[in-house]
Every structure is written in structure tokens, then in C-alpha cells.
>>> print(open('query-v9.cif').read())   # mmCIF, C-alpha atoms
data_query
loop_
_atom_site.group_PDB
_atom_site.id
_atom_site.type_symbol
_atom_site.label_atom_id
_atom_site.label_comp_id
_atom_site.auth_asym_id
_atom_site.auth_seq_id
_atom_site.Cartn_x
_atom_site.Cartn_y
_atom_site.Cartn_z
ATOM 1 C CA MET A 319 -25.700 -18.513 -20.556
ATOM 2 C CA ARG A 320 -28.120 -18.791 -23.515
ATOM 3 C CA GLU A 321 -28.619 -22.517 -22.895
ATOM 4 C CA ARG A 322 -29.200 -21.981 -19.178
ATOM 5 C CA THR A 323 -31.730 -19.147 -19.571
ATOM 6 C CA GLY A 324 -33.496 -20.068 -22.805
ATOM 7 C CA VAL A 325 -33.219 -16.594 -24.343
ATOM 8 C CA SER A 326 -32.130 -16.046 -27.935
ATOM 9 C CA TRP A 327 -28.430 -15.610 -28.726
ATOM 10 C CA SER A 328 -28.885 -11.971 -29.730
ATOM 11 C CA ARG A 329 -30.801 -11.262 -26.515
ATOM 12 C CA ALA A 330 -28.202 -13.069 -24.373
ATOM 13 C CA ARG A 331 -25.403 -11.090 -26.003
ATOM 14 C CA LYS A 332 -27.177 -7.769 -25.392
ATOM 15 C CA LEU A 333 -27.942 -8.601 -21.757
ATOM 16 C CA CYS A 334 -24.267 -9.406 -21.146
ATOM 17 C CA CYS A 335 -22.981 -6.315 -22.949
ATOM 18 C CA ASP A 336 -25.419 -4.144 -20.980
ATOM 19 C CA GLY A 337 -24.047 -5.512 -17.692
ATOM 20 C CA ARG A 338 -27.303 -7.201 -16.668
ATOM 21 C CA VAL A 339 -25.899 -10.713 -16.182
ATOM 22 C CA THR A 340 -23.868 -11.994 -13.233
ATOM 23 C CA VAL A 341 -22.118 -15.332 -12.773
ATOM 24 C CA ASP A 342 -21.635 -16.304 -9.130
ATOM 25 C CA GLY A 343 -22.356 -12.704 -8.162
ATOM 26 C CA VAL A 344 -19.801 -11.147 -10.530
ATOM 27 C CA ARG A 345 -20.880 -9.162 -13.594
ATOM 28 C CA CYS A 346 -20.221 -11.078 -16.829
ATOM 29 C CA LEU A 347 -19.653 -8.959 -19.946
ATOM 30 C CA ASP A 348 -18.547 -11.817 -22.228
ATOM 31 C CA PRO A 349 -21.580 -13.438 -23.901
ATOM 32 C CA ALA A 350 -19.433 -16.368 -25.113
ATOM 33 C CA ARG A 351 -17.994 -17.176 -21.699
ATOM 34 C CA ARG A 352 -18.225 -20.836 -20.699
ATOM 35 C CA VAL A 353 -19.474 -21.389 -17.161
ATOM 36 C CA LEU A 354 -19.202 -24.341 -14.805
ATOM 37 C CA PRO A 355 -22.292 -26.551 -14.376
ATOM 38 C CA ASP A 356 -22.822 -25.399 -10.785
ATOM 39 C CA ALA A 357 -22.342 -21.684 -11.519
ATOM 40 C CA VAL A 358 -25.150 -19.374 -10.387
ATOM 41 C CA ILE A 359 -26.335 -17.194 -13.286
ATOM 42 C CA ALA A 360 -28.574 -14.215 -12.512
ATOM 43 C CA VAL A 361 -30.249 -12.023 -15.148
ATOM 44 C CA ASP A 362 -31.798 -8.670 -14.240
ATOM 45 C CA GLU A 363 -33.494 -7.507 -17.433
ATOM 46 C CA GLN A 364 -34.707 -4.314 -15.757
ATOM 47 C CA GLY A 365 -31.402 -3.512 -14.070
ATOM 48 C CA PRO A 366 -29.362 -0.392 -14.913
ATOM 49 C CA LYS A 367 -27.301 -0.596 -18.081
ATOM 50 C CA LEU A 368 -23.536 -0.544 -17.778
ATOM 51 C CA GLU A 369 -22.301 2.914 -18.723
ATOM 52 C CA LYS A 370 -19.995 2.863 -21.718
ATOM 53 C CA GLY A 371 -16.614 4.544 -21.544
ATOM 54 C CA PRO A 372 -13.008 3.802 -20.619
ATOM 55 C CA LEU A 373 -13.890 3.712 -16.910
ATOM 56 C CA ALA A 374 -17.186 2.366 -15.629
ATOM 57 C CA LYS A 375 -19.018 4.267 -12.909
ATOM 58 C CA SER A 376 -18.809 1.112 -10.792
ATOM 59 C CA ALA A 377 -15.013 1.560 -10.698
ATOM 60 C CA ILE A 378 -15.524 4.360 -8.160
ATOM 61 C CA VAL A 379 -15.368 2.352 -4.943
ATOM 62 C CA TYR A 380 -15.664 5.295 -2.557
ATOM 63 C CA PHE A 381 -15.395 9.077 -2.611
ATOM 64 C CA ASP A 382 -15.904 12.042 -0.332
ATOM 65 C CA ARG A 383 -14.518 15.569 -0.107
ATOM 66 C CA ASP A 384 -11.016 14.304 0.771
ATOM 67 C CA VAL A 385 -10.320 11.112 -1.188
ATOM 68 C CA VAL A 386 -11.538 8.887 -3.997
ATOM 69 C CA VAL A 387 -10.804 5.148 -4.126
ATOM 70 C CA VAL A 388 -10.861 3.588 -7.594
ATOM 71 C CA ASP A 389 -10.684 0.035 -8.944
ATOM 72 C CA LYS A 390 -8.178 0.386 -11.800
ATOM 73 C CA PRO A 391 -8.722 -1.830 -14.851
ATOM 74 C CA PRO A 392 -5.672 -3.615 -16.267
ATOM 75 C CA GLY A 393 -4.041 -1.987 -19.272
ATOM 76 C CA MET A 394 -4.754 1.595 -18.149
ATOM 77 C CA LEU A 395 -2.087 4.065 -17.111
ATOM 78 C CA ALA A 396 -2.579 5.285 -13.559
ATOM 79 C CA VAL A 397 -1.116 8.733 -14.259
ATOM 80 C CA ALA A 398 0.312 10.453 -17.323
ATOM 81 C CA ASP A 399 3.589 9.073 -18.633
ATOM 82 C CA GLU A 400 4.225 12.283 -20.571
ATOM 83 C CA PRO A 401 2.805 15.824 -20.471
ATOM 84 C CA GLY A 402 -0.612 16.144 -22.060
ATOM 85 C CA ASN A 403 -1.578 12.463 -21.892
ATOM 86 C CA LYS A 404 -5.136 12.403 -20.570
ATOM 87 C CA GLU A 405 -5.835 8.708 -21.215
ATOM 88 C CA THR A 406 -5.193 7.871 -17.578
ATOM 89 C CA LEU A 407 -7.053 6.588 -14.564
ATOM 90 C CA ALA A 408 -6.630 9.963 -12.869
ATOM 91 C CA GLU A 409 -8.295 11.862 -15.733
ATOM 92 C CA TYR A 410 -11.062 9.314 -16.261
ATOM 93 C CA THR A 411 -11.800 9.350 -12.532
ATOM 94 C CA ARG A 412 -11.955 13.135 -12.540
ATOM 95 C CA THR A 413 -14.426 13.017 -15.446
ATOM 96 C CA LEU A 414 -16.646 10.528 -13.615
ATOM 97 C CA LEU A 415 -16.633 12.621 -10.454
ATOM 98 C CA ARG A 416 -17.667 15.665 -12.470
ATOM 99 C CA ARG A 417 -20.598 13.744 -13.970
ATOM 100 C CA MET A 418 -21.613 12.484 -10.551
ATOM 101 C CA GLY A 419 -21.744 16.034 -9.228
ATOM 102 C CA GLY A 420 -20.760 17.364 -5.834
ATOM 103 C CA ARG A 421 -18.156 19.842 -4.719
ATOM 104 C CA GLY A 422 -14.680 19.686 -6.179
ATOM 105 C CA GLY A 423 -15.638 17.776 -9.322
ATOM 106 C CA ASP A 424 -13.282 19.819 -11.498
ATOM 107 C CA VAL A 425 -10.354 19.817 -9.085
ATOM 108 C CA GLY A 426 -7.268 17.842 -10.148
ATOM 109 C CA LEU A 427 -6.579 14.688 -8.190
ATOM 110 C CA GLY A 428 -3.525 14.283 -5.988
ATOM 111 C CA VAL A 429 -1.295 11.267 -6.611
ATOM 112 C CA VAL A 430 0.177 9.539 -3.543
ATOM 113 C CA HIS A 431 0.980 6.115 -5.046
ATOM 114 C CA ARG A 432 0.853 4.287 -8.370
ATOM 115 C CA LEU A 433 0.062 0.948 -9.958
ATOM 116 C CA ASP A 434 1.777 -0.401 -13.067
ATOM 117 C CA LYS A 435 -0.220 -0.186 -16.294
ATOM 118 C CA ASP A 436 -0.833 -3.951 -16.349
ATOM 119 C CA THR A 437 -1.740 -4.187 -12.661
ATOM 120 C CA SER A 438 -5.412 -4.046 -11.722
ATOM 121 C CA GLY A 439 -6.955 -3.054 -8.435
ATOM 122 C CA LEU A 440 -7.364 -0.398 -5.803
ATOM 123 C CA MET A 441 -5.809 3.044 -5.900
ATOM 124 C CA VAL A 442 -6.549 6.133 -3.836
ATOM 125 C CA PHE A 443 -6.356 9.720 -5.082
ATOM 126 C CA THR A 444 -6.656 12.786 -2.882
ATOM 127 C CA ARG A 445 -8.948 15.755 -3.526
ATOM 128 C CA THR A 446 -7.424 18.416 -1.270
ATOM 129 C CA ALA A 447 -3.910 19.600 -0.486
ATOM 130 C CA ASP A 448 -4.266 18.617 3.193
ATOM 131 C CA ALA A 449 -5.449 15.123 2.301
ATOM 132 C CA LYS A 450 -2.503 14.670 -0.054
ATOM 133 C CA ARG A 451 -0.014 15.778 2.608
ATOM 134 C CA ILE A 452 -1.474 13.451 5.249
ATOM 135 C CA LEU A 453 -1.832 10.381 3.015
ATOM 136 C CA ALA A 454 1.592 10.868 1.437
ATOM 137 C CA ALA A 455 3.082 10.820 4.933
ATOM 138 C CA GLN A 456 1.306 7.517 5.657
ATOM 139 C CA PHE A 457 2.742 5.983 2.485
ATOM 140 C CA ARG A 458 6.264 7.213 3.367
ATOM 141 C CA ALA A 459 5.920 5.745 6.856
ATOM 142 C CA HIS A 460 4.579 2.436 5.421
ATOM 143 C CA HIS A 461 1.383 2.698 7.451
ATOM 144 C CA ILE A 462 -0.810 1.651 4.512
ATOM 145 C CA ASP A 463 -2.396 -1.812 4.406
ATOM 146 C CA ARG A 464 -1.845 -3.255 0.916
ATOM 147 C CA ILE A 465 -2.608 -6.835 -0.090
ATOM 148 C CA TYR A 466 -2.169 -8.121 -3.625
ATOM 149 C CA HIS A 467 -3.187 -11.358 -5.267
ATOM 150 C CA ALA A 468 -0.809 -12.767 -7.862
ATOM 151 C CA ILE A 469 -0.438 -15.822 -10.056
ATOM 152 C CA ALA A 470 3.194 -16.930 -9.975
ATOM 153 C CA HIS A 471 5.022 -19.731 -11.763
ATOM 154 C CA GLY A 472 5.747 -22.955 -9.882
ATOM 155 C CA VAL A 473 5.069 -23.999 -6.299
ATOM 156 C CA VAL A 474 5.542 -20.843 -4.256
ATOM 157 C CA PRO A 475 6.469 -21.272 -0.572
ATOM 158 C CA GLU A 476 5.326 -19.121 2.299
ATOM 159 C CA THR A 477 8.129 -16.691 3.001
ATOM 160 C CA ASP A 478 9.104 -13.170 3.969
ATOM 161 C CA ILE A 479 11.345 -11.383 1.472
ATOM 162 C CA GLU A 480 13.522 -8.531 2.698
ATOM 163 C CA THR A 481 16.022 -6.890 0.352
ATOM 164 C CA ASP A 482 17.471 -3.556 -0.691
ATOM 165 C CA LEU A 483 16.241 -2.630 -4.164
ATOM 166 C CA VAL A 484 18.599 -0.788 -6.500
ATOM 167 C CA MET A 485 17.999 0.859 -9.870
ATOM 168 C CA ASP A 486 20.561 -1.349 -11.638
ATOM 169 C CA ARG A 487 21.284 -4.826 -10.340
ATOM 170 C CA GLY A 488 24.144 -5.171 -12.821
ATOM 171 C CA ASP A 489 22.412 -5.741 -16.147
ATOM 172 C CA GLY A 490 20.320 -2.593 -16.442
ATOM 173 C CA LEU A 491 17.274 -3.929 -14.581
ATOM 174 C CA ARG A 492 15.972 -2.991 -11.155
ATOM 175 C CA GLY A 493 16.706 -5.661 -8.594
ATOM 176 C CA SER A 494 17.925 -6.517 -5.108
ATOM 177 C CA HIS A 495 21.421 -5.698 -3.994
ATOM 178 C CA GLY A 496 23.589 -8.811 -4.016
ATOM 179 C CA VAL A 497 21.114 -11.128 -5.760
ATOM 180 C CA TYR A 498 22.025 -10.875 -9.451
ATOM 181 C CA ARG A 499 25.697 -10.293 -8.700
ATOM 182 C CA ARG A 500 27.629 -10.995 -5.520
ATOM 183 C CA ALA A 501 27.593 -7.949 -3.299
ATOM 184 C CA HIS A 502 30.793 -6.020 -2.755
ATOM 185 C CA GLY A 503 30.220 -3.704 0.155
ATOM 186 C CA ALA A 504 27.035 -2.083 1.387
ATOM 187 C CA PRO A 505 24.140 -1.128 -0.897
ATOM 188 C CA ALA A 506 24.264 2.272 -2.579
ATOM 189 C CA THR A 507 22.835 5.160 -0.599
ATOM 190 C CA ASP A 508 19.821 5.331 -2.927
ATOM 191 C CA ALA A 509 18.892 1.655 -2.346
ATOM 192 C CA LYS A 510 15.343 1.169 -1.031
ATOM 193 C CA HIS A 511 14.729 -1.256 1.837
ATOM 194 C CA SER A 512 11.854 -3.521 0.722
ATOM 195 C CA VAL A 513 9.762 -6.154 2.501
ATOM 196 C CA THR A 514 7.136 -8.460 0.980
ATOM 197 C CA HIS A 515 5.243 -11.148 2.900
ATOM 198 C CA VAL A 516 4.245 -14.018 0.593
ATOM 199 C CA ARG A 517 1.563 -16.592 1.412
ATOM 200 C CA PRO A 518 0.358 -19.283 -1.007
ATOM 201 C CA ILE A 519 -3.421 -19.520 -1.358
ATOM 202 C CA GLU A 520 -3.914 -22.301 -3.896
ATOM 203 C CA ARG A 521 -1.696 -24.565 -5.975
ATOM 204 C CA LEU A 522 -2.576 -24.561 -9.649
ATOM 205 C CA GLU A 523 -1.349 -26.335 -12.767
ATOM 206 C CA GLY A 524 2.265 -25.098 -13.033
ATOM 207 C CA ALA A 525 1.592 -22.052 -10.868
ATOM 208 C CA THR A 526 0.390 -20.817 -7.482
ATOM 209 C CA LEU A 527 -2.225 -18.261 -6.521
ATOM 210 C CA VAL A 528 -0.491 -16.198 -3.825
ATOM 211 C CA GLU A 529 -1.166 -13.327 -1.469
ATOM 212 C CA CYS A 530 1.515 -10.663 -1.227
ATOM 213 C CA ARG A 531 1.289 -8.249 1.691
ATOM 214 C CA LEU A 532 3.464 -5.187 1.279
ATOM 215 C CA GLU A 533 5.306 -3.836 4.291
ATOM 216 C CA THR A 534 6.955 -1.329 1.960
ATOM 217 C CA GLY A 535 5.784 -0.206 -1.468
ATOM 218 C CA ARG A 536 8.633 0.177 -3.939
ATOM 219 C CA GLN A 537 8.345 0.334 -7.699
ATOM 220 C CA HIS A 538 7.979 -3.195 -9.150
ATOM 221 C CA GLN A 539 8.589 -4.636 -5.662
ATOM 222 C CA ILE A 540 6.345 -7.708 -5.953
ATOM 223 C CA ARG A 541 7.428 -8.453 -9.516
ATOM 224 C CA ILE A 542 11.107 -8.309 -8.534
ATOM 225 C CA HIS A 543 10.781 -10.240 -5.281
ATOM 226 C CA LEU A 544 8.785 -13.089 -6.815
ATOM 227 C CA SER A 545 11.176 -13.319 -9.761
ATOM 228 C CA GLU A 546 14.212 -13.410 -7.482
ATOM 229 C CA LEU A 547 12.475 -16.096 -5.435
ATOM 230 C CA GLY A 548 12.389 -18.178 -8.620
ATOM 231 C CA HIS A 549 8.656 -17.747 -9.220
ATOM 232 C CA PRO A 550 8.023 -14.843 -11.608
ATOM 233 C CA LEU A 551 4.504 -13.659 -12.255
ATOM 234 C CA VAL A 552 2.532 -15.368 -14.976
ATOM 235 C CA GLY A 553 2.586 -12.856 -17.832
ATOM 236 C CA GLU A 554 5.795 -11.178 -16.627
ATOM 237 C CA ARG A 555 7.739 -9.583 -19.493
ATOM 238 C CA VAL A 556 10.743 -7.967 -17.806
ATOM 239 C CA TYR A 557 11.846 -9.803 -14.659
ATOM 240 C CA ILE A 558 11.688 -13.286 -16.125
ATOM 241 C CA ARG A 559 14.913 -13.533 -18.108
ATOM 242 C CA ASP A 560 16.572 -15.698 -15.423
ATOM 243 C CA TYR A 561 13.660 -18.146 -15.198
ATOM 244 C CA SER A 562 14.323 -21.465 -16.939
ATOM 245 C CA GLY A 563 11.150 -23.343 -16.030
ATOM 246 C CA PRO A 564 8.061 -23.847 -18.221
ATOM 247 C CA LYS A 565 6.451 -20.476 -18.934
ATOM 248 C CA ILE A 566 2.709 -19.881 -18.849
ATOM 249 C CA GLY A 567 1.512 -17.336 -21.390
ATOM 250 C CA ALA A 568 -0.734 -14.429 -20.414
ATOM 251 C CA PRO A 569 -1.575 -11.065 -22.005
ATOM 252 C CA ARG A 570 -0.441 -9.195 -18.886
ATOM 253 C CA ALA A 571 1.358 -9.713 -15.610
ATOM 254 C CA MET A 572 -1.179 -11.398 -13.322
ATOM 255 C CA LEU A 573 -1.139 -9.003 -10.368
ATOM 256 C CA HIS A 574 -4.145 -7.443 -8.622
ATOM 257 C CA ALA A 575 -4.229 -4.913 -5.779
ATOM 258 C CA ARG A 576 -7.043 -6.483 -3.761
ATOM 259 C CA THR A 577 -7.044 -4.649 -0.407
ATOM 260 C CA LEU A 578 -6.223 -1.055 0.461
ATOM 261 C CA GLY A 579 -6.462 0.349 3.976
ATOM 262 C CA PHE A 580 -5.390 3.664 5.485
ATOM 263 C CA THR A 581 -6.241 6.255 8.101
ATOM 264 C CA HIS A 582 -8.755 8.626 6.551
ATOM 265 C CA PRO A 583 -7.069 12.053 6.268
ATOM 266 C CA GLY A 584 -10.285 13.874 7.195
ATOM 267 C CA SER A 585 -11.987 11.800 9.876
ATOM 268 C CA GLY A 586 -8.923 10.062 11.302
ATOM 269 C CA GLU A 587 -10.757 6.724 11.170
ATOM 270 C CA GLN A 588 -9.189 3.536 9.827
ATOM 271 C CA VAL A 589 -10.840 2.585 6.536
ATOM 272 C CA SER A 590 -10.321 -0.475 4.352
ATOM 273 C CA PHE A 591 -11.525 -1.400 0.865
ATOM 274 C CA GLU A 592 -11.458 -4.676 -1.062
ATOM 275 C CA ARG A 593 -12.185 -5.604 -4.670
ATOM 276 C CA GLU A 594 -12.091 -8.974 -6.412
ATOM 277 C CA ALA A 595 -9.721 -9.458 -9.331
ATOM 278 C CA PRO A 596 -11.073 -8.707 -12.831
ATOM 279 C CA GLU A 597 -12.389 -11.309 -15.226
ATOM 280 C CA ASP A 598 -9.101 -12.012 -17.043
ATOM 281 C CA PHE A 599 -7.390 -12.837 -13.734
ATOM 282 C CA ARG A 600 -10.232 -15.076 -12.562
ATOM 283 C CA GLU A 601 -10.340 -16.885 -15.894
ATOM 284 C CA MET A 602 -6.595 -17.530 -15.702
ATOM 285 C CA VAL A 603 -7.045 -19.078 -12.234
ATOM 286 C CA GLU A 604 -9.953 -21.214 -13.457
ATOM 287 C CA GLY A 605 -7.981 -22.368 -16.482
ATOM 288 C CA LEU A 606 -5.010 -23.382 -14.348
ATOM 289 C CA ARG A 607 -7.291 -25.198 -11.938
ATOM 290 C CA GLY A 608 -8.264 -27.486 -14.782
ATOM 291 C CA GLN A 609 -11.882 -27.094 -13.643
ATOM 292 C CA GLY A 610 -11.024 -28.467 -10.220
ATOM 293 C CA ALA A 611 -8.857 -31.371 -11.346
ATOM 294 C CA HIS A 612 -5.524 -29.928 -10.243
ATOM 295 C CA GLY A 613 -6.132 -27.078 -7.808
ATOM 296 C CA ARG A 614 -5.346 -27.648 -4.148
ATOM 297 C CA ALA A 615 -5.937 -25.213 -1.337
ATOM 298 C CA VAL A 616 -2.947 -24.315 0.807
ATOM 299 C CA ARG A 617 -3.701 -23.602 4.433
ATOM 300 C CA SER A 618 -1.460 -21.725 6.799
ATOM 301 C CA ASP A 619 -1.748 -21.130 10.534
ATOM 302 C CA ARG A 620 0.653 -18.241 10.264
ATOM 303 C CA LYS A 621 -0.772 -14.851 11.162
#
>>> encode(input="query-v9.cif", output="C-alpha cells")
Amino acid sequence: MRERTGVSWSRARKLCCDGRVTVDGVRCLDPARRVLPDAVIAVDEQGPKLEKGPLAKSAIVYFDRDVVVVDKPPGMLAVADEPGNKETLAEYTRTLLRRMGGRGGDVGLGVVHRLDKDTSGLMVFTRTADAKRILAAQFRAHHIDRIYHAIAHGVVPETDIETDLVMDRGDGLRGSHGVYRRAHGAPATDAKHSVTHVRPIERLEGATLVECRLETGRQHQIRIHLSELGHPLVGERVYIRDYSGPKIGAPRAMLHARTLGFTHPGSGEQVSFEREAPEDFREMVEGLRGQGAHGRAVRSDRK
């Protein structure tokens, strides 16, 4: 960025750290980031500084008296894993809402779904008891529109995956009934019917950028289904023990909740939100593209 703009290194670093630089329309906080020759760099020296803290104000995608939609950073717990833990997305969101003012800023947020700690992307919290009851019913009925982007090992085919997930597939891990070990009889009564629709977006070097549309939303559903398909997530730590192919290293499982849609519990209108993947995900895609030498778009006429 310094070479492209002519500013001093110290000034370039400060502009990036203050959130006043974008690359191709996306805020760039890394002053040492290498950019492609045709990248569009914009510098707004008079723009608002990025607020410091565990959760940026820009993470609040939408809020009103009933709900708040948040773009969760990777590496942050969605909700407390033990009593008293306040280093969570729910608590940080509550703090931001209080600073932003408005009614109900101090009210605890209702949890109707979760994302894994490593997973980035859109989550919705409720702000009233009625909103929580209505949205929770939509999640139970699988009436929520959820689309994830993932980077998975190998050449991933377009497919629909439908299994019954059990707590112990036979070796202590969650998994699909009859996949790890041959099924003997029907699934246990506590098995969860699970459906994931997988569509490849782009072939990369040793991996595929894929879209995963959830018809159901079970714990670790995408991670399990892709692993059982033979294409575990890049960065997967748990559901990869059966994978014998070349492994691509990553600091986290490359999974991003990109789209979230639901019927608003107050107005009754259908609403939908979308957020691009964070910088670490985008950089992984760019690195596996080999700067355009290996990537190939995958088109599908399937609706």
C-alpha cells in the first residue's frame, strides 16, 4: 500500500490500523499485506477511526427492539462455555448495544442458535422473550435460510448429503449413523436427521471453495458431512482423522456463515443478511488460487 500511495511507512501503518484503508472495497487492517497489481486501494484520511475492542461496532449488522444480527469474528466464543465467562460474542454485543443507546441496551440477549468458536459469520440474538420464542420455533422447524462458505480439501462434487447424526459414531466422535461403522438396525432415538446441500464454487490448489446450504442445523453438521464425504475442511482438527490425502494447514477451520435469513419476529417480514468472509479466509482462498494460476470457476445450472 505504501508503494501505491506514496505515503511514509509509519503513516501507511497508522492508516491501516485506524481502519481508513480498503482494498477492493474491503477494510484492510494489515499494513504489510501484499496486494495484487490490479487491486483497488482507497484511503480515506478523514474517515472515522476503527473503534478498538474485542468486537468492532461494524460487527453489528442490524438491530431493532426485537433482534440483533452480528458478524462474529473467528476465534470468539458465541456464548459462555462455563458460568461467569463474559468473553463472548453475546456479552460484547450487549456492551456495544449499550454504548449505542436505545431501549433495552442492558437486557440480556436470547440465544436461538450458535456458531463454533472458529467459525466466522452471521448470528442472530433476540432482545425480547416473544422474539426468542418465535425465532426458536423457526429454527426448530428449519425455516431459517443459512448459507455457509467453506474451503474443503480436494475436488468437492455437487451433492446433497442426508444422514442421521449421532453423538458417538463408534469411536467417541459425533458422526452419521452407519458411516464409520456398518449400521445394525435403525438409528438411536436421539439421532438427528441432517441435510446439507453442497455446491462447488471454485477449484483451488488442492482444495475447493464450496457453498453449503443447511436444510437442518445440527452441531458440527457441515464439518461432519464434508469429512464423511472425503473432503474435510481446511484447518479441521477433529473430523479429519480418516482423511489420508495431502493436508493443507490453517490456523482455524475455514468455515464462514455468509447468509442468514428469517421471518422477523416483530414485523412478520422476510429479512436476509449477508457478510463477506473475514480477511484470513479470503487470504487462504487467494493463496490457494496461486494468484490466478490454478483457480477455476465451477458453474452449475442446478437451482
>>> atom_distance(input="query-v9.cif", atom1="CA of Val379 (chain A)", atom2="CA of Phe591 (chain A)")
7.9 Å
>>> atom_distance(input="query-v9.cif", atom1="CA of Arg517 (chain A)", atom2="CA of Gly563 (chain A)")
21.0 Å
>>> atom_distance(input="query-v9.cif", atom1="CA of Arg607 (chain A)", atom2="CA of Tyr466 (chain A)")
19.7 Å
>>> residues_around(input="query-v9.cif", residues="Gly426 (chain A)", least_positions_apart="4", cutoff="9 Å", atoms="only C-alpha atoms", output="ChimeraX atom specification")
/A:408-409,412,422,444-446
>>> residues_near_point(input="query-v9.cif", point="(17.1, -4.1, -1.8)", cutoff="12 Å", atoms="only C-alpha atoms", output="PyMOL selection string")
chain A and resi 479-487+492-498+501+504-514+534-539+542-543+546
>>> resolve_selection(input="query-v9.cif", expression="the PyMOL selection byres ((chain A and resi 572-574) around 10)", output="ChimeraX atom specification")
/A:389-392,433-434,436-440,465-470,527-530,540-541,550-554,568-571,575-577,593-596,598-600,602-603
>>> closest_residue(input="query-v9.cif", among="A:Gly567, A:Gly608, A:His460, A:Gly402", to="Arg555 (chain A)", atoms="all atoms listed in the file")
A:Gly567
>>> resolve_selection(input="query-v9.cif", expression="the PyMOL selection byres ((chain A and resi 415) around 12)", output="count of residues only")
36
>>> closest_residue(input="query-v9.cif", among="A:Gly605, A:Gly503, A:Pro518, A:Gly428", to="Thr477 (chain A)", atoms="all atoms listed in the file")
A:Pro518
>>> resolve_selection(input="query-v9.cif", expression="the PyMOL selection byres ((chain A and resi 456) around 12)", output="list in words")
Val430, His431, Ala449, Lys450, Arg451, Ile452, Leu453, Ala454, Ala455, Phe457, Arg458, Ala459, His460, His461, Ile462, Asp463, Thr534, Gly535, Gly579, Phe580, Thr581, His582, Pro583, Gly586 and Gln588 of chain A
>>> write_last_selection(input="query-v9.cif", atoms="C-alpha atoms", output="short mmCIF file (atom, residue, chain, number, x, y, z; two decimals), in the coordinates of the input")
data_model
loop_
_atom_site.label_atom_id
_atom_site.label_comp_id
_atom_site.auth_asym_id
_atom_site.auth_seq_id
_atom_site.Cartn_x
_atom_site.Cartn_y
_atom_site.Cartn_z
CA VAL A 430 0.18 9.54 -3.54
CA HIS A 431 0.98 6.12 -5.05
CA ALA A 449 -5.45 15.12 2.30
CA LYS A 450 -2.50 14.67 -0.05
CA ARG A 451 -0.01 15.78 2.61
CA ILE A 452 -1.47 13.45 5.25
CA LEU A 453 -1.83 10.38 3.02
CA ALA A 454 1.59 10.87 1.44
CA ALA A 455 3.08 10.82 4.93
CA PHE A 457 2.74 5.98 2.48
CA ARG A 458 6.26 7.21 3.37
CA ALA A 459 5.92 5.74 6.86
CA HIS A 460 4.58 2.44 5.42
CA HIS A 461 1.38 2.70 7.45
CA ILE A 462 -0.81 1.65 4.51
CA ASP A 463 -2.40 -1.81 4.41
CA THR A 534 6.96 -1.33 1.96
CA GLY A 535 5.78 -0.21 -1.47
CA GLY A 579 -6.46 0.35 3.98
CA PHE A 580 -5.39 3.66 5.48
CA THR A 581 -6.24 6.26 8.10
CA HIS A 582 -8.76 8.63 6.55
CA PRO A 583 -7.07 12.05 6.27
CA GLY A 586 -8.92 10.06 11.30
CA GLN A 588 -9.19 3.54 9.83
#
>>> closest_residue(input="query-v9.cif", among="A:Pro372, A:Gly472, A:Gly365, A:Gly488", to="Glu523 (chain A)", atoms="only C-alpha atoms")
A:Gly472
